[in-house]
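Reading through the structure tokens given below for one structure.
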Amino acid sequence: MSESIQQRVLLAADYVSQDLTNQIDRLELQLKHKKAELDAIDGNLKVASQAATRRKAFVATEGNDYLCPRCWIQNRRKIALSFKYSPGPDDIIECDACGLSV
Ligand SMILES: [Zn+2]
């Protein structure tokens, strides 16, 4: 067996090994981002799955306040809607927490 050919093969092995090793940091970062993306989708799916049940439990008023349906259905938070002056015929009713306008 030729010594120089063996050297070339071993050098190629070094190159292949180093090339792949150099990708570790990038691949680990890529995997971390994909896992975060999956966690976010999983969280959104849980919220979406509970939406119909939370809608049934939603009450529009508490005391003199009207409550934000989005904050309740998405986050189970009771946030009072605010009345804003509008030059038009109807008041603008908004949620200061999520921006929903009804
Ligand atoms: Zn809201």
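By order in the structure tokens, chains are A, B, ...; within a chain, residues start at 1; ligands start at 1, following the order shown.
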
Chain A residues near ligand 1 within 9 Å, closest pair each, using only C-alpha atoms and all ligand atoms, as JSON lines:
```
{"residue": "A:Leu67", "atom": "CA", "partner": "ligand 1", "partner_atom_place_in_ligand_line": "1 (Zn)", "distance": 8.0}
{"residue": "A:Cys68", "atom": "CA", "partner": "ligand 1", "partner_atom_place_in_ligand_line": "1 (Zn)", "distance": 4.7}
{"residue": "A:Pro69", "atom": "CA", "partner": "ligand 1", "partner_atom_place_in_ligand_line": "1 (Zn)", "distance": 6.6}
{"residue": "A:Arg70", "atom": "CA", "partner": "ligand 1", "partner_atom_place_in_ligand_line": "1 (Zn)", "distance": 5.1}
{"residue": "A:Cys71", "atom": "CA", "partner": "ligand 1", "partner_atom_place_in_ligand_line": "1 (Zn)", "distance": 4.1}
{"residue": "A:Trp72", "atom": "CA", "partner": "ligand 1", "partner_atom_place_in_ligand_line": "1 (Zn)", "distance": 7.4}
{"residue": "A:Gln74", "atom": "CA", "partner": "ligand 1", "partner_atom_place_in_ligand_line": "1 (Zn)", "distance": 8.9}
{"residue": "A:Arg77", "atom": "CA", "partner": "ligand 1", "partner_atom_place_in_ligand_line": "1 (Zn)", "distance": 8.2}
{"residue": "A:Lys78", "atom": "CA", "partner": "ligand 1", "partner_atom_place_in_ligand_line": "1 (Zn)", "distance": 8.3}
{"residue": "A:Ile79", "atom": "CA", "partner": "ligand 1", "partner_atom_place_in_ligand_line": "1 (Zn)", "distance": 6.2}
{"residue": "A:Ala80", "atom": "CA", "partner": "ligand 1", "partner_atom_place_in_ligand_line": "1 (Zn)", "distance": 8.1}
{"residue": "A:Leu81", "atom": "CA", "partner": "ligand 1", "partner_atom_place_in_ligand_line": "1 (Zn)", "distance": 7.5}
{"residue": "A:Glu94", "atom": "CA", "partner": "ligand 1", "partner_atom_place_in_ligand_line": "1 (Zn)", "distance": 7.8}
{"residue": "A:Cys95", "atom": "CA", "partner": "ligand 1", "partner_atom_place_in_ligand_line": "1 (Zn)", "distance": 4.6}
{"residue": "A:Asp96", "atom": "CA", "partner": "ligand 1", "partner_atom_place_in_ligand_line": "1 (Zn)", "distance": 6.6}
{"residue": "A:Ala97", "atom": "CA", "partner": "ligand 1", "partner_atom_place_in_ligand_line": "1 (Zn)", "distance": 5.0}
{"residue": "A:Cys98", "atom": "CA", "partner": "ligand 1", "partner_atom_place_in_ligand_line": "1 (Zn)", "distance": 4.1}
{"residue": "A:Gly99", "atom": "CA", "partner": "ligand 1", "partner_atom_place_in_ligand_line": "1 (Zn)", "distance": 6.1}
{"residue": "A:Leu100", "atom": "CA", "partner": "ligand 1", "partner_atom_place_in_ligand_line": "1 (Zn)", "distance": 5.6}
{"residue": "A:Ser101", "atom": "CA", "partner": "ligand 1", "partner_atom_place_in_ligand_line": "1 (Zn)", "distance": 8.6}
```

Would you output that residue set with N, CA and C atoms, as an mmCIF file, in the first residue's frame?
```cif
data_model
loop_
_atom_site.group_PDB
_atom_site.id
_atom_site.type_symbol
_atom_site.label_atom_id
_atom_site.label_comp_id
_atom_site.auth_asym_id
_atom_site.auth_seq_id
_atom_site.Cartn_x
_atom_site.Cartn_y
_atom_site.Cartn_z
ATOM 1 N N LEU A 67 -65.666 43.800 30.479
ATOM 2 C CA LEU A 67 -64.379 43.098 30.488
ATOM 3 C C LEU A 67 -63.916 42.758 29.076
ATOM 4 N N CYS A 68 -62.602 42.714 28.921
ATOM 5 C CA CYS A 68 -62.013 42.386 27.616
ATOM 6 C C CYS A 68 -62.125 40.887 27.354
ATOM 7 N N PRO A 69 -62.802 40.518 26.262
ATOM 8 C CA PRO A 69 -62.934 39.089 25.966
ATOM 9 C C PRO A 69 -61.612 38.438 25.561
ATOM 10 N N ARG A 70 -60.772 39.193 24.848
ATOM 11 C CA ARG A 70 -59.504 38.588 24.401
ATOM 12 C C ARG A 70 -58.585 38.272 25.582
ATOM 13 N N CYS A 71 -58.478 39.233 26.509
ATOM 14 C CA CYS A 71 -57.606 39.002 27.672
ATOM 15 C C CYS A 71 -58.097 37.820 28.502
ATOM 16 N N TRP A 72 -59.421 37.650 28.578
ATOM 17 C CA TRP A 72 -59.943 36.515 29.328
ATOM 18 C C TRP A 72 -59.687 35.204 28.576
ATOM 19 N N GLN A 74 -57.631 34.458 26.070
ATOM 20 C CA GLN A 74 -56.224 34.097 25.825
ATOM 21 C C GLN A 74 -55.429 33.873 27.105
ATOM 22 N N ARG A 77 -57.292 36.670 32.078
ATOM 23 C CA ARG A 77 -57.138 37.911 32.851
ATOM 24 C C ARG A 77 -58.415 38.731 32.719
ATOM 25 N N LYS A 78 -58.863 39.277 33.847
ATOM 26 C CA LYS A 78 -60.024 40.167 33.825
ATOM 27 C C LYS A 78 -59.514 41.593 33.712
ATOM 28 N N ILE A 79 -59.644 42.159 32.515
ATOM 29 C CA ILE A 79 -59.197 43.530 32.265
ATOM 30 C C ILE A 79 -60.413 44.364 31.854
ATOM 31 N N ALA A 80 -60.601 45.482 32.560
ATOM 32 C CA ALA A 80 -61.736 46.360 32.242
ATOM 33 C C ALA A 80 -61.458 47.117 30.947
ATOM 34 N N LEU A 81 -62.475 47.194 30.087
ATOM 35 C CA LEU A 81 -62.355 47.968 28.846
ATOM 36 C C LEU A 81 -62.488 49.451 29.181
ATOM 37 N N GLU A 94 -62.018 50.220 24.235
ATOM 38 C CA GLU A 94 -60.750 49.543 23.979
ATOM 39 C C GLU A 94 -60.219 48.875 25.230
ATOM 40 N N CYS A 95 -59.365 47.883 24.991
ATOM 41 C CA CYS A 95 -58.615 47.265 26.076
ATOM 42 C C CYS A 95 -57.211 47.880 26.090
ATOM 43 N N ASP A 96 -56.840 48.468 27.225
ATOM 44 C CA ASP A 96 -55.515 49.079 27.326
ATOM 45 C C ASP A 96 -54.417 48.024 27.411
ATOM 46 N N ALA A 97 -54.784 46.792 27.766
ATOM 47 C CA ALA A 97 -53.769 45.737 27.893
ATOM 48 C C ALA A 97 -53.409 45.105 26.555
ATOM 49 N N CYS A 98 -54.439 44.759 25.746
ATOM 50 C CA CYS A 98 -54.138 44.041 24.505
ATOM 51 C C CYS A 98 -54.484 44.835 23.248
ATOM 52 N N GLY A 99 -55.177 45.959 23.413
ATOM 53 C CA GLY A 99 -55.487 46.795 22.256
ATOM 54 C C GLY A 99 -56.764 46.433 21.536
ATOM 55 N N LEU A 100 -57.484 45.426 22.019
ATOM 56 C CA LEU A 100 -58.739 45.045 21.362
ATOM 57 C C LEU A 100 -59.710 46.208 21.402
ATOM 58 N N SER A 101 -60.367 46.434 20.294
ATOM 59 C CA SER A 101 -61.373 47.475 20.191
ATOM 60 C C SER A 101 -62.697 46.816 19.851
#
```

For this session: Per DSSP on the backbone, filter chain A down to the residues in alpha helix (DSSP H) and report them as a PyMOL selection string.
Result: chain A and resi 3-21+24-57+69-75

Go ahead and dump the residues you just picked, C-alpha atoms, as a PDB file, in the first residue's frame.
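Writing done, so here's again_19.pdb:
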```pdb
ATOM      1  CA  GLU A   3       2.353   5.579   1.963  1.00  0.00           C
ATOM      2  CA  SER A   4       1.447   8.844   0.207  1.00  0.00           C
ATOM      3  CA  ILE A   5      -2.036   7.663  -0.740  1.00  0.00           C
ATOM      4  CA  GLN A   6      -2.646   6.655   2.852  1.00  0.00           C
ATOM      5  CA  GLN A   7      -1.504  10.143   3.917  1.00  0.00           C
ATOM      6  CA  ARG A   8      -3.928  11.742   1.476  1.00  0.00           C
ATOM      7  CA  VAL A   9      -6.786   9.592   2.743  1.00  0.00           C
ATOM      8  CA  LEU A  10      -5.959  10.472   6.352  1.00  0.00           C
ATOM      9  CA  LEU A  11      -5.718  14.173   5.485  1.00  0.00           C
ATOM     10  CA  ALA A  12      -9.122  13.951   3.831  1.00  0.00           C
ATOM     11  CA  ALA A  13     -10.434  12.316   7.014  1.00  0.00           C
ATOM     12  CA  ASP A  14      -9.039  15.245   9.033  1.00  0.00           C
ATOM     13  CA  TYR A  15     -10.738  17.685   6.694  1.00  0.00           C
ATOM     14  CA  VAL A  16     -14.112  15.924   6.840  1.00  0.00           C
ATOM     15  CA  SER A  17     -13.922  15.642  10.616  1.00  0.00           C
ATOM     16  CA  GLN A  18     -12.931  19.284  11.098  1.00  0.00           C
ATOM     17  CA  ASP A  19     -15.579  20.511   8.675  1.00  0.00           C
ATOM     18  CA  LEU A  20     -18.323  18.714  10.617  1.00  0.00           C
ATOM     19  CA  THR A  21     -16.926  19.733  14.016  1.00  0.00           C
ATOM     20  CA  ILE A  24     -21.542  22.090  16.002  1.00  0.00           C
ATOM     21  CA  ASP A  25     -22.151  25.597  17.383  1.00  0.00           C
ATOM     22  CA  ARG A  26     -24.351  26.611  14.456  1.00  0.00           C
ATOM     23  CA  LEU A  27     -26.366  23.371  14.616  1.00  0.00           C
ATOM     24  CA  GLU A  28     -26.836  23.651  18.383  1.00  0.00           C
ATOM     25  CA  LEU A  29     -28.100  27.217  17.962  1.00  0.00           C
ATOM     26  CA  GLN A  30     -30.390  26.146  15.117  1.00  0.00           C
ATOM     27  CA  LEU A  31     -31.804  23.342  17.284  1.00  0.00           C
ATOM     28  CA  LYS A  32     -32.339  25.733  20.199  1.00  0.00           C
ATOM     29  CA  HIS A  33     -34.303  28.130  17.962  1.00  0.00           C
ATOM     30  CA  LYS A  34     -36.416  25.323  16.525  1.00  0.00           C
ATOM     31  CA  LYS A  35     -37.206  24.031  20.029  1.00  0.00           C
ATOM     32  CA  ALA A  36     -38.272  27.534  21.081  1.00  0.00           C
ATOM     33  CA  GLU A  37     -40.448  27.704  17.960  1.00  0.00           C
ATOM     34  CA  LEU A  38     -42.042  24.342  18.843  1.00  0.00           C
ATOM     35  CA  ASP A  39     -42.651  25.489  22.426  1.00  0.00           C
ATOM     36  CA  ALA A  40     -44.374  28.629  21.110  1.00  0.00           C
ATOM     37  CA  ILE A  41     -46.590  26.578  18.765  1.00  0.00           C
ATOM     38  CA  ASP A  42     -47.382  24.211  21.627  1.00  0.00           C
ATOM     39  CA  GLY A  43     -48.385  27.157  23.829  1.00  0.00           C
ATOM     40  CA  ASN A  44     -50.568  28.629  21.096  1.00  0.00           C
ATOM     41  CA  LEU A  45     -52.190  25.251  20.530  1.00  0.00           C
ATOM     42  CA  LYS A  46     -53.041  24.949  24.242  1.00  0.00           C
ATOM     43  CA  VAL A  47     -54.614  28.431  24.236  1.00  0.00           C
ATOM     44  CA  ALA A  48     -56.543  27.635  21.045  1.00  0.00           C
ATOM     45  CA  SER A  49     -57.774  24.340  22.484  1.00  0.00           C
ATOM     46  CA  GLN A  50     -59.108  26.103  25.588  1.00  0.00           C
ATOM     47  CA  ALA A  51     -60.711  29.016  23.731  1.00  0.00           C
ATOM     48  CA  ALA A  52     -64.222  27.544  23.391  1.00  0.00           C
ATOM     49  CA  THR A  53     -64.314  26.560  27.069  1.00  0.00           C
ATOM     50  CA  ARG A  54     -63.066  29.961  28.176  1.00  0.00           C
ATOM     51  CA  ARG A  55     -65.594  31.669  25.921  1.00  0.00           C
ATOM     52  CA  LYS A  56     -68.375  29.794  27.754  1.00  0.00           C
ATOM     53  CA  ALA A  57     -66.990  30.984  31.092  1.00  0.00           C
ATOM     54  CA  PRO A  69     -62.934  39.089  25.966  1.00  0.00           C
ATOM     55  CA  ARG A  70     -59.504  38.588  24.401  1.00  0.00           C
ATOM     56  CA  CYS A  71     -57.606  39.002  27.672  1.00  0.00           C
ATOM     57  CA  TRP A  72     -59.943  36.515  29.328  1.00  0.00           C
ATOM     58  CA  ILE A  73     -59.959  33.925  26.550  1.00  0.00           C
ATOM     59  CA  GLN A  74     -56.224  34.097  25.825  1.00  0.00           C
ATOM     60  CA  ASN A  75     -54.792  34.714  29.285  1.00  0.00           C
TER      61      ASN A  75
END
```

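When CA of Lys84 in chain A is paired with CA of Phe58 in chain A, their separation reads 23.1 Å.
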
Among chain A, which ones does DSSP assign to strand (DSSP E or B) (computed from the backbone)? Answer as a compact mmCIF listing (two decimals) with N, CA and C atoms, in the first residue's frame.
```txt
# COMPACT_ATOMS: atom_id res chain seq x y z
N THR A 61 -69.47 41.60 31.96
CA THR A 61 -69.40 42.71 32.91
C THR A 61 -68.97 42.22 34.28
N GLU A 62 -68.34 43.15 35.00
CA GLU A 62 -68.04 42.92 36.41
C GLU A 62 -68.21 44.29 37.08
N ASP A 65 -67.91 47.64 35.10
CA ASP A 65 -66.94 47.51 34.01
C ASP A 65 -67.37 46.47 32.98
N TYR A 66 -67.00 46.77 31.75
CA TYR A 66 -67.08 45.74 30.71
C TYR A 66 -65.71 45.11 30.61
N LEU A 67 -65.67 43.80 30.48
CA LEU A 67 -64.38 43.10 30.49
C LEU A 67 -63.92 42.76 29.08
N ALA A 80 -60.60 45.48 32.56
CA ALA A 80 -61.74 46.36 32.24
C ALA A 80 -61.46 47.12 30.95
N SER A 82 -61.82 50.30 28.40
CA SER A 82 -61.87 51.75 28.61
C SER A 82 -62.69 52.41 27.51
N PHE A 83 -63.45 53.41 27.90
CA PHE A 83 -64.20 54.19 26.92
C PHE A 83 -63.35 55.38 26.50
N LYS A 84 -63.16 55.53 25.19
CA LYS A 84 -62.39 56.65 24.66
C LYS A 84 -63.34 57.56 23.88
N ILE A 92 -65.52 54.79 21.42
CA ILE A 92 -64.59 53.70 21.14
C ILE A 92 -64.33 52.99 22.46
N ILE A 93 -64.48 51.69 22.46
CA ILE A 93 -64.27 50.90 23.67
C ILE A 93 -63.06 50.02 23.42
N GLU A 94 -62.02 50.22 24.24
CA GLU A 94 -60.75 49.54 23.98
C GLU A 94 -60.22 48.88 25.23
N SER A 101 -60.37 46.43 20.29
CA SER A 101 -61.37 47.48 20.19
C SER A 101 -62.70 46.82 19.85
```
